[in-house]
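Taking it in order: structure first as structure tokens, then the write-up.
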There are 2 protein chains.
Amino acid sequence: MYKILLVEDDKNIQDLIFNYFTKKEKGLFDIDIASDGEEGLEKVYENNYDLLLLDVMLPEVDGFEICRETRKESDVPIMFITARSNESDVLSGYALGCDDYVIKPFPFPVLYEKAKALINRSKGLVRSKIFTSGDISLNPNNGIVISDGKEVKLTATEYGILKVLIENKGMIISREKLLDIVWGYCSGTDERVLDTHMRNLRKALGQNGKQIKTVIRRGYKIED
Amino acid sequence: MYKILLVEDDKNIQDLIFNYFTKKEKGLFDIDIASDGEEGLEKVYENNYDLLLLDVMLPEVDGFEICRETRKESDVPIMFITARSNESDVLSGYALGCDDYVIKPFPFPVLYEKAKALINRSKGLVRSKIFTSGDISLNPNNGIVISDGKEVKLTATEYGILKVLIENKGMIISREKLLDIVWGYCSGTDERVLDTHMRNLRKALGQNGKQIKTVIRRGYKIED
DNA sequence: CAATATCTTTAGATTATCTTCAGATATATA
DNA sequence: TATATATCTGAAGATAATCTAAAGATATTG
């Protein structure tokens, strides 16, 4: 559940956005509404939003001012939604540190997807990147492998093998393919090195090493 | 210096974007160009870009396909820039995991600011903040590094290395990437300089130098 | 232009990791 | 069941990556 603050003085647009955002995928977004800039700033200070949707022309304090004040101490994602489409207004918005500047009118589904994309980006959730198999998890982003809750230190080769297996969980990966992917070639004579690395990898994973099955004559696979 | 890949078949637009982006704030952006989708995908695989600008309608492999393939293993920021303005096309783009969908024609300054905002967001640099790792803190605003409560004077190279590591705390940064980011290239012969700088950096940080771990064959990382 | 600080190069020492090997064990096939 | 084939294991040797230290090159400062 992500919390969004909408600062917009037009009741009609308030309702339309509120309805679209709260009903589309139930429970994904929770929307707070402020009808003028002063109220908007107060809410920003008092809450911890995941996204601000700011109209620019507002009573009391305008959207640009809200953005400027907010950016002094927060990197919360900010999108302007406004009818002011002058290039110079758009550039002003970006200069103040907004993330997107959407010009009215716009299709609600597009605004919705923009909001989702931006929130995901801000939380580093663009691609769900942690692979798991049983109690083993591998995060290709930082290269950390966890088995039974403890980080295990793998060598580069072991890591490469595990990555291929876990990315293709359940599939049998042939020895040739493993040699090819991890070493970049497939010679043949020294093909037995893989045995040793598989053994070391299994040992490093402890109890969970058993998740790596050998399928005789066909390769290896990992299964939870 | 951020690296951008532009995949666009129209030579004219290629030139316009290239010129605008490379000349505006000199050295902020470095632009690679691919004229068809196949070349684009190759470049994505071979390089480490900070942003992809993808046209949708392309020879060989279209922009959507590039996005889909890229997202299988990367969360690099992606912006579509295309004349296809149907709502369903826009939604397709977001469904594939893009960060923004810009409809042609657009003012170059706006595209430029969008690119900057997105890259900053992706790197967590929206608001400059103080990075910490254990008892080390680095303030990119004034370039001051504090270790164990005392300011330590780092050389520019040492500072650059620490900054990259601490901005990506916990992640393994490859030697190539460090060389590339800090020196702007990656030659190969004189690659061993890094060893020395890492040692000097660790020594300068005193006890806390131990927070910088070397991950053999894969790079270095900092952890608290 | 000298003095100083910083960066880069080099090469030997020290590890970590990879590979090889040979015998043991398991599995397929006839 | 016998035999051939495939994989596992453990130890040791080979290779490659990183660390260290010291000296030469370059840049910066007064």
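If you're wondering about the labels, chains in the structure tokens are A, B, ... by order shown, residues count from 1 in each chain, ligands from 1 in order shown.
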
Per DSSP on the backbone, what are the strand (DSSP E) residues of stretch 90-218 of chain B, as a ChimeraX atom specification? /B:100-103,131-133,136-139,144-147,150-152,212-215

Using N, CA and C atoms, can you write the selected residues to a file as a compact mmCIF listing (two decimals), in the first residue's frame?
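Generated file (selection_12.txt):
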```txt
# COMPACT_ATOMS: atom_id res chain seq x y z
N ASP B 100 9.60 6.19 -18.59
CA ASP B 100 8.88 7.33 -19.15
C ASP B 100 8.62 7.05 -20.62
N TYR B 101 7.57 7.69 -21.14
CA TYR B 101 7.16 7.48 -22.52
C TYR B 101 6.93 8.86 -23.10
N VAL B 102 7.84 9.31 -23.92
CA VAL B 102 7.78 10.68 -24.43
C VAL B 102 7.33 10.65 -25.89
N ILE B 103 6.32 11.45 -26.18
CA ILE B 103 5.74 11.43 -27.52
C ILE B 103 6.33 12.51 -28.41
N PHE B 131 26.20 10.29 2.78
CA PHE B 131 26.26 8.83 2.76
C PHE B 131 27.08 8.34 3.94
N THR B 132 26.67 7.23 4.50
CA THR B 132 27.44 6.67 5.60
C THR B 132 27.62 5.18 5.42
N SER B 133 28.65 4.68 6.03
CA SER B 133 28.88 3.25 6.15
C SER B 133 29.64 3.05 7.45
N ILE B 136 32.08 5.68 8.86
CA ILE B 136 32.57 6.55 7.79
C ILE B 136 31.38 7.36 7.27
N SER B 137 31.57 8.65 7.04
CA SER B 137 30.53 9.41 6.37
C SER B 137 31.15 10.24 5.26
N LEU B 138 30.41 10.39 4.18
CA LEU B 138 30.88 11.15 3.03
C LEU B 138 29.79 12.12 2.63
N ASN B 139 30.13 13.40 2.59
CA ASN B 139 29.18 14.44 2.22
C ASN B 139 29.54 15.00 0.86
N ILE B 144 33.50 16.38 2.24
CA ILE B 144 34.18 16.02 3.49
C ILE B 144 33.90 14.58 3.86
N VAL B 145 34.98 13.89 4.22
CA VAL B 145 34.86 12.50 4.65
C VAL B 145 35.28 12.41 6.11
N ILE B 146 34.45 11.79 6.89
CA ILE B 146 34.75 11.65 8.31
C ILE B 146 34.82 10.18 8.65
N SER B 147 35.90 9.80 9.32
CA SER B 147 36.05 8.42 9.76
C SER B 147 36.34 8.44 11.26
N LYS B 150 36.73 11.84 13.04
CA LYS B 150 37.75 12.78 12.61
C LYS B 150 37.72 12.93 11.09
N GLU B 151 37.90 14.15 10.63
CA GLU B 151 37.95 14.36 9.19
C GLU B 151 39.22 13.74 8.63
N VAL B 152 39.06 13.03 7.52
CA VAL B 152 40.25 12.48 6.86
C VAL B 152 40.41 13.16 5.51
N ILE B 212 35.99 -1.77 3.63
CA ILE B 212 36.08 -2.02 2.19
C ILE B 212 36.57 -3.44 1.98
N LYS B 213 35.69 -4.26 1.45
CA LYS B 213 36.03 -5.67 1.25
C LYS B 213 36.43 -5.89 -0.21
N THR B 214 37.43 -6.72 -0.43
CA THR B 214 37.67 -7.10 -1.81
C THR B 214 36.98 -8.43 -2.07
N VAL B 215 36.30 -8.50 -3.18
CA VAL B 215 35.61 -9.71 -3.60
C VAL B 215 36.35 -10.20 -4.83
```

Interface list for chain C, partner chain A, 9 Å threshold, only C-alpha atoms (C1' of nucleotides), as a ChimeraX atom specification: /C:17-20,27

Selected residues written out, N, CA and C atoms (P, O5', C5', C4', C3', O3' and C1' of nucleotides), as a compact mmCIF listing (two decimals), in the first residue's frame:
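The resulting file, part.txt, is reproduced below:
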```txt
# COMPACT_ATOMS: atom_id res chain seq x y z
P DT C 17 38.51 -16.80 -2.91
O5' DT C 17 38.80 -17.62 -4.23
C5' DT C 17 39.16 -16.91 -5.41
C4' DT C 17 39.65 -17.88 -6.44
C3' DT C 17 38.68 -19.01 -6.75
O3' DT C 17 38.17 -18.76 -8.05
C1' DT C 17 40.94 -19.74 -6.70
P DC C 18 37.24 -19.81 -8.80
O5' DC C 18 38.30 -20.69 -9.59
C5' DC C 18 39.12 -20.04 -10.55
C4' DC C 18 40.04 -21.04 -11.19
C3' DC C 18 39.31 -22.23 -11.84
O3' DC C 18 39.71 -22.30 -13.20
C1' DC C 18 41.04 -22.99 -10.38
P DT C 19 39.11 -23.48 -14.12
O5' DT C 19 40.18 -24.64 -13.92
C5' DT C 19 41.49 -24.43 -14.41
C4' DT C 19 42.35 -25.62 -14.05
C3' DT C 19 41.88 -26.94 -14.67
O3' DT C 19 42.91 -27.35 -15.55
C1' DT C 19 42.46 -27.20 -12.35
P DT C 20 42.67 -28.62 -16.52
O5' DT C 20 43.44 -29.80 -15.77
C5' DT C 20 44.74 -29.52 -15.25
C4' DT C 20 45.15 -30.63 -14.28
C3' DT C 20 44.83 -32.04 -14.77
O3' DT C 20 46.06 -32.74 -14.88
C1' DT C 20 44.25 -31.75 -12.48
P DT C 27 22.67 -43.37 -7.67
O5' DT C 27 22.65 -43.71 -9.22
C5' DT C 27 22.98 -42.68 -10.14
C4' DT C 27 23.16 -43.31 -11.49
C3' DT C 27 21.93 -44.08 -12.00
O3' DT C 27 21.39 -43.32 -13.06
C1' DT C 27 23.98 -45.20 -12.49
```

Closest atom pairs, residues of chain D within 12 Å of chain A, only C-alpha atoms (C1' of nucleotides), as a Markdown table:
```
| residue | atom | partner | partner_atom | distance |
| --- | --- | --- | --- | --- |
| D:DT5 | C1' | A:Arg217 | CA | 9.5 |
| D:DA6 | C1' | A:Ile216 | CA | 6.9 |
| D:DT7 | C1' | A:Asp195 | CA | 7.3 |
| D:DC8 | C1' | A:Asp195 | CA | 7.3 |
| D:DT9 | C1' | A:Arg199 | CA | 8.3 |
| D:DG10 | C1' | A:Thr196 | CA | 10.0 |
| D:DA17 | C1' | A:Ala156 | CA | 11.8 |
```

Find the residues near stretch 32-41 of chain B: any atom within 7 Å, counting only C-alpha atoms (C1' of nucleotides), skip ones fewer than 6 places away on the same chain, and give them as a PyMOL selection string. chain B and resi 4-9+58-63+66

Could the residues in this selection be saved with N, CA and C atoms as a compact mmCIF listing (two decimals), in the first residue's frame?
```txt
# COMPACT_ATOMS: atom_id res chain seq x y z
N ILE B 4 24.60 7.34 -22.10
CA ILE B 4 23.26 7.13 -22.62
C ILE B 4 23.34 6.36 -23.92
N LEU B 5 22.42 5.44 -24.14
CA LEU B 5 22.31 4.80 -25.45
C LEU B 5 21.04 5.29 -26.12
N LEU B 6 21.19 5.83 -27.33
CA LEU B 6 20.05 6.25 -28.13
C LEU B 6 19.86 5.24 -29.25
N VAL B 7 18.70 4.61 -29.29
CA VAL B 7 18.40 3.69 -30.39
C VAL B 7 17.33 4.35 -31.24
N GLU B 8 17.71 4.75 -32.43
CA GLU B 8 16.85 5.58 -33.28
C GLU B 8 17.32 5.42 -34.71
N ASP B 9 16.37 5.19 -35.64
CA ASP B 9 16.80 4.96 -37.03
C ASP B 9 16.85 6.25 -37.85
N LEU B 58 11.45 0.41 -35.12
CA LEU B 58 12.85 0.29 -35.51
C LEU B 58 13.02 -0.90 -36.44
N PRO B 59 14.03 -0.88 -37.30
CA PRO B 59 14.31 -2.06 -38.11
C PRO B 59 14.80 -3.21 -37.23
N GLU B 60 14.61 -4.41 -37.68
CA GLU B 60 15.08 -5.63 -37.00
C GLU B 60 14.32 -5.93 -35.71
N VAL B 61 14.68 -5.25 -34.64
CA VAL B 61 14.05 -5.50 -33.34
C VAL B 61 13.45 -4.19 -32.88
N ASP B 62 12.17 -4.19 -32.48
CA ASP B 62 11.59 -2.89 -32.12
C ASP B 62 11.91 -2.50 -30.68
N GLY B 63 11.60 -1.26 -30.35
CA GLY B 63 11.98 -0.72 -29.04
C GLY B 63 11.35 -1.48 -27.89
N ILE B 66 13.42 -4.47 -27.21
CA ILE B 66 14.66 -4.13 -26.52
C ILE B 66 14.38 -3.97 -25.02
```

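Proximity ranking of A:Lys221, A:Arg175, A:Arg121, A:Lys210 relative to chain B places A:Arg121 first, based on only C-alpha atoms.
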
Would you pick out the contacts of B:Asn168 at 10 Å or less, using only C-alpha atoms (C1' of nucleotides), so that residues sharing its chain but fewer than 3 positions from it are not included, and give the list as number ranges by chain? A: 142; B: 123-124, 131, 162-165, 171-173, 221-223

Export of prior selection with C-alpha atoms as a short mmCIF file (atom, residue, chain, number, x, y, z; two decimals), in the first residue's frame:
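Written output follows (again-v8.cif):
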```cif
data_model
loop_
_atom_site.label_atom_id
_atom_site.label_comp_id
_atom_site.auth_asym_id
_atom_site.auth_seq_id
_atom_site.Cartn_x
_atom_site.Cartn_y
_atom_site.Cartn_z
CA ASN A 142 24.79 -6.98 -5.19
CA LYS B 123 20.96 6.80 -8.49
CA GLY B 124 19.26 8.13 -5.40
CA PHE B 131 26.26 8.83 2.76
CA LEU B 162 35.01 5.95 -1.87
CA LYS B 163 32.10 7.93 -3.26
CA VAL B 164 31.19 5.23 -5.76
CA LEU B 165 31.51 2.50 -3.17
CA MET B 171 26.98 -3.77 -3.86
CA ILE B 172 30.00 -5.22 -5.52
CA ILE B 173 31.56 -2.70 -7.86
CA LYS B 221 32.33 -3.34 -1.92
CA ILE B 222 31.86 -1.39 1.27
CA GLU B 223 29.85 -2.71 4.17
#
```

Taking only residues of chain A that have an atom at most 9 Å from an atom of chain B, what is each one's shortest atom pair and its distance in Å to one decimal, using only C-alpha atoms, in chain and number order, as JSON lines?
```
{"residue": "A:Arg71", "atom": "CA", "partner": "B:Arg127", "partner_atom": "CA", "distance": 6.8}
{"residue": "A:Lys72", "atom": "CA", "partner": "B:Arg127", "partner_atom": "CA", "distance": 7.8}
{"residue": "A:Glu73", "atom": "CA", "partner": "B:Arg127", "partner_atom": "CA", "distance": 7.7}
{"residue": "A:Ser74", "atom": "CA", "partner": "B:Arg127", "partner_atom": "CA", "distance": 7.0}
{"residue": "A:Asp75", "atom": "CA", "partner": "B:Arg127", "partner_atom": "CA", "distance": 5.7}
{"residue": "A:Val76", "atom": "CA", "partner": "B:Val126", "partner_atom": "CA", "distance": 8.7}
{"residue": "A:Pro77", "atom": "CA", "partner": "B:Arg121", "partner_atom": "CA", "distance": 8.4}
{"residue": "A:Glu87", "atom": "CA", "partner": "B:Val110", "partner_atom": "CA", "distance": 7.3}
{"residue": "A:Val90", "atom": "CA", "partner": "B:Val110", "partner_atom": "CA", "distance": 7.1}
{"residue": "A:Leu91", "atom": "CA", "partner": "B:Val110", "partner_atom": "CA", "distance": 6.4}
{"residue": "A:Tyr94", "atom": "CA", "partner": "B:Glu113", "partner_atom": "CA", "distance": 6.2}
{"residue": "A:Ala95", "atom": "CA", "partner": "B:Glu113", "partner_atom": "CA", "distance": 7.9}
{"residue": "A:Gly97", "atom": "CA", "partner": "B:Val126", "partner_atom": "CA", "distance": 7.0}
{"residue": "A:Cys98", "atom": "CA", "partner": "B:Ala117", "partner_atom": "CA", "distance": 7.2}
{"residue": "A:Asp99", "atom": "CA", "partner": "B:Ala117", "partner_atom": "CA", "distance": 5.7}
{"residue": "A:Asp100", "atom": "CA", "partner": "B:Lys114", "partner_atom": "CA", "distance": 7.2}
{"residue": "A:Tyr101", "atom": "CA", "partner": "B:Lys114", "partner_atom": "CA", "distance": 8.8}
{"residue": "A:Pro107", "atom": "CA", "partner": "B:Glu87", "partner_atom": "CA", "distance": 7.5}
{"residue": "A:Pro109", "atom": "CA", "partner": "B:Leu91", "partner_atom": "CA", "distance": 7.6}
{"residue": "A:Val110", "atom": "CA", "partner": "B:Leu91", "partner_atom": "CA", "distance": 6.4}
{"residue": "A:Glu113", "atom": "CA", "partner": "B:Tyr94", "partner_atom": "CA", "distance": 6.3}
{"residue": "A:Lys114", "atom": "CA", "partner": "B:Asp100", "partner_atom": "CA", "distance": 7.2}
{"residue": "A:Lys116", "atom": "CA", "partner": "B:Tyr94", "partner_atom": "CA", "distance": 9.0}
{"residue": "A:Ala117", "atom": "CA", "partner": "B:Asp99", "partner_atom": "CA", "distance": 5.8}
{"residue": "A:Leu118", "atom": "CA", "partner": "B:Asp99", "partner_atom": "CA", "distance": 6.8}
{"residue": "A:Arg121", "atom": "CA", "partner": "B:Ser122", "partner_atom": "CA", "distance": 6.5}
{"residue": "A:Ser122", "atom": "CA", "partner": "B:Arg121", "partner_atom": "CA", "distance": 6.5}
{"residue": "A:Gly124", "atom": "CA", "partner": "B:Ser122", "partner_atom": "CA", "distance": 7.8}
{"residue": "A:Leu125", "atom": "CA", "partner": "B:Asp75", "partner_atom": "CA", "distance": 8.4}
{"residue": "A:Val126", "atom": "CA", "partner": "B:Asp75", "partner_atom": "CA", "distance": 5.8}
{"residue": "A:Arg127", "atom": "CA", "partner": "B:Asp75", "partner_atom": "CA", "distance": 5.8}
{"residue": "A:Lys129", "atom": "CA", "partner": "B:Glu73", "partner_atom": "CA", "distance": 7.8}
{"residue": "A:Pro140", "atom": "CA", "partner": "B:Glu73", "partner_atom": "CA", "distance": 8.6}
{"residue": "A:Asn141", "atom": "CA", "partner": "B:Met171", "partner_atom": "CA", "distance": 6.9}
{"residue": "A:Asn142", "atom": "CA", "partner": "B:Met171", "partner_atom": "CA", "distance": 4.1}
{"residue": "A:Gly143", "atom": "CA", "partner": "B:Ile172", "partner_atom": "CA", "distance": 6.7}
{"residue": "A:Ile144", "atom": "CA", "partner": "B:Met171", "partner_atom": "CA", "distance": 8.3}
{"residue": "A:Thr155", "atom": "CA", "partner": "B:Ile216", "partner_atom": "CA", "distance": 7.5}
{"residue": "A:Ala156", "atom": "CA", "partner": "B:Arg217", "partner_atom": "CA", "distance": 6.3}
```

File dump, residues just selected, N, CA and C atoms, as a compact mmCIF listing (two decimals), in the first residue's frame:
```
# COMPACT_ATOMS: atom_id res chain seq x y z
N ARG A 71 11.69 19.63 -1.37
CA ARG A 71 13.00 19.16 -1.79
C ARG A 71 14.12 19.59 -0.84
N LYS A 72 13.82 20.57 0.03
CA LYS A 72 14.85 20.96 0.98
C LYS A 72 15.21 19.82 1.91
N GLU A 73 14.24 18.95 2.14
CA GLU A 73 14.59 17.88 3.07
C GLU A 73 14.01 16.52 2.71
N SER A 74 13.55 16.38 1.50
CA SER A 74 12.98 15.08 1.17
C SER A 74 13.21 14.75 -0.30
N ASP A 75 13.39 13.50 -0.59
CA ASP A 75 13.53 13.10 -1.98
C ASP A 75 12.32 12.29 -2.45
N VAL A 76 11.18 12.53 -1.79
CA VAL A 76 9.96 11.86 -2.20
C VAL A 76 9.69 12.14 -3.69
N PRO A 77 9.23 11.13 -4.43
CA PRO A 77 8.90 11.36 -5.83
C PRO A 77 7.81 12.43 -5.98
N GLU A 87 6.80 25.51 -22.39
CA GLU A 87 8.08 24.84 -22.19
C GLU A 87 8.79 25.39 -20.96
N VAL A 90 7.49 23.85 -17.82
CA VAL A 90 7.97 22.48 -17.66
C VAL A 90 9.40 22.49 -17.13
N LEU A 91 10.23 23.34 -17.74
CA LEU A 91 11.62 23.40 -17.31
C LEU A 91 11.75 23.89 -15.88
N TYR A 94 11.19 20.94 -13.63
CA TYR A 94 12.35 20.05 -13.52
C TYR A 94 13.47 20.71 -12.74
N ALA A 95 13.62 22.02 -12.90
CA ALA A 95 14.67 22.72 -12.18
C ALA A 95 14.46 22.63 -10.67
N GLY A 97 13.34 20.09 -9.22
CA GLY A 97 13.59 18.72 -8.74
C GLY A 97 12.41 17.78 -8.83
N CYS A 98 11.46 18.08 -9.73
CA CYS A 98 10.36 17.12 -9.87
C CYS A 98 10.85 15.91 -10.67
N ASP A 99 10.05 14.86 -10.64
CA ASP A 99 10.39 13.65 -11.39
C ASP A 99 9.65 13.55 -12.71
N ASP A 100 8.47 14.17 -12.77
CA ASP A 100 7.72 14.13 -14.01
C ASP A 100 6.78 15.33 -14.03
N TYR A 101 6.40 15.72 -15.24
CA TYR A 101 5.56 16.89 -15.42
C TYR A 101 4.51 16.50 -16.44
N PRO A 107 -4.83 10.86 -20.04
CA PRO A 107 -5.65 9.67 -19.73
C PRO A 107 -5.28 9.19 -18.33
N PRO A 109 -5.38 6.22 -17.04
CA PRO A 109 -4.55 5.01 -16.98
C PRO A 109 -3.06 5.35 -17.14
N VAL A 110 -2.77 6.34 -17.97
CA VAL A 110 -1.37 6.70 -18.17
C VAL A 110 -0.80 7.32 -16.89
N GLU A 113 -0.09 4.54 -14.47
CA GLU A 113 1.11 3.76 -14.77
C GLU A 113 2.38 4.57 -14.50
N LYS A 114 2.30 5.87 -14.78
CA LYS A 114 3.44 6.73 -14.48
C LYS A 114 3.72 6.72 -12.99
N LYS A 116 2.96 4.40 -10.82
CA LYS A 116 3.51 3.11 -10.43
C LYS A 116 4.99 2.99 -10.80
N ALA A 117 5.30 3.39 -12.04
CA ALA A 117 6.68 3.28 -12.51
C ALA A 117 7.61 4.12 -11.64
N LEU A 118 7.15 5.31 -11.32
CA LEU A 118 8.01 6.22 -10.54
C LEU A 118 8.21 5.71 -9.12
N ARG A 121 10.55 2.80 -9.26
CA ARG A 121 11.91 3.27 -9.48
C ARG A 121 12.49 3.85 -8.20
N SER A 122 11.69 4.60 -7.47
CA SER A 122 12.22 5.26 -6.28
C SER A 122 12.56 4.25 -5.19
N GLY A 124 13.62 1.19 -5.92
CA GLY A 124 14.53 0.18 -6.46
C GLY A 124 13.83 -1.12 -6.78
N LEU A 125 12.57 -1.04 -7.15
CA LEU A 125 11.81 -2.27 -7.40
C LEU A 125 11.48 -2.44 -8.88
N VAL A 126 12.33 -1.89 -9.73
CA VAL A 126 12.00 -1.91 -11.15
C VAL A 126 11.90 -3.33 -11.68
N ARG A 127 12.84 -4.10 -11.29
CA ARG A 127 12.83 -5.49 -11.72
C ARG A 127 12.91 -6.28 -10.43
N LYS A 129 14.41 -8.69 -8.52
CA LYS A 129 15.68 -9.25 -8.95
C LYS A 129 16.25 -10.29 -8.03
N PRO A 140 21.33 -10.77 -7.84
CA PRO A 140 22.34 -10.46 -8.85
C PRO A 140 22.78 -9.01 -8.79
N ASN A 141 22.00 -8.21 -8.11
CA ASN A 141 22.34 -6.80 -8.04
C ASN A 141 23.58 -6.56 -7.19
N ASN A 142 23.62 -7.17 -6.05
CA ASN A 142 24.79 -6.98 -5.19
C ASN A 142 25.60 -8.26 -5.05
N GLY A 143 25.17 -9.31 -5.74
CA GLY A 143 25.94 -10.55 -5.74
C GLY A 143 25.92 -11.30 -4.43
N ILE A 144 24.91 -11.03 -3.62
CA ILE A 144 24.88 -11.69 -2.33
C ILE A 144 24.03 -12.95 -2.39
N THR A 155 32.94 -18.33 -4.56
CA THR A 155 33.92 -17.81 -5.53
C THR A 155 33.15 -17.38 -6.77
N ALA A 156 33.83 -16.65 -7.64
CA ALA A 156 33.16 -16.14 -8.83
C ALA A 156 32.59 -17.28 -9.67
```

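Here atom CA of A:Ile161 stands at a distance of 6.8 Å from atom CA of A:Leu178.
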
Write out, as CSV, each residue of chain D that has an atom at most 8 Å from stretch 2-9 of chain C, together with the closest pair of atoms and their distance in Å to one decimal, counting only C-alpha atoms (C1' of nucleotides), rows going by chain and rising number.
```
residue,atom,partner,partner_atom,distance
D:DG24,C1',C:DT9,C1',7.6
D:DA25,C1',C:DT8,C1',7.2
D:DT26,C1',C:DC7,C1',7.1
D:DA27,C1',C:DT6,C1',7.5
D:DT28,C1',C:DA5,C1',7.5
D:DT29,C1',C:DT4,C1',7.9
```

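The interatomic distance for the pair atom C1' of D:DT3 and atom CA of A:Glu191 works out to 23.9 Å.
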
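Near A:Ala83, within a cut-off of 10 Å and counting only C-alpha atoms (C1' of nucleotides), sit the residues Asp55, Val56, Met57, Phe80, Asn86, Val102, Ile103, Lys104, Pro105 and Phe106 of chain A, with same-chain residues fewer than 3 positions away left out.
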
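For the pair atom CA of A:Gly206 and atom C1' of C:DT14, the interatomic distance is 29.1 Å.
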
Which of stretch 68-211 of chain B DSSP labels helix (DSSP H, G or I), written as a PyMOL selection string: chain B and resi 68-71+87-95+108-122+156-167+175-183+189-204+206-211
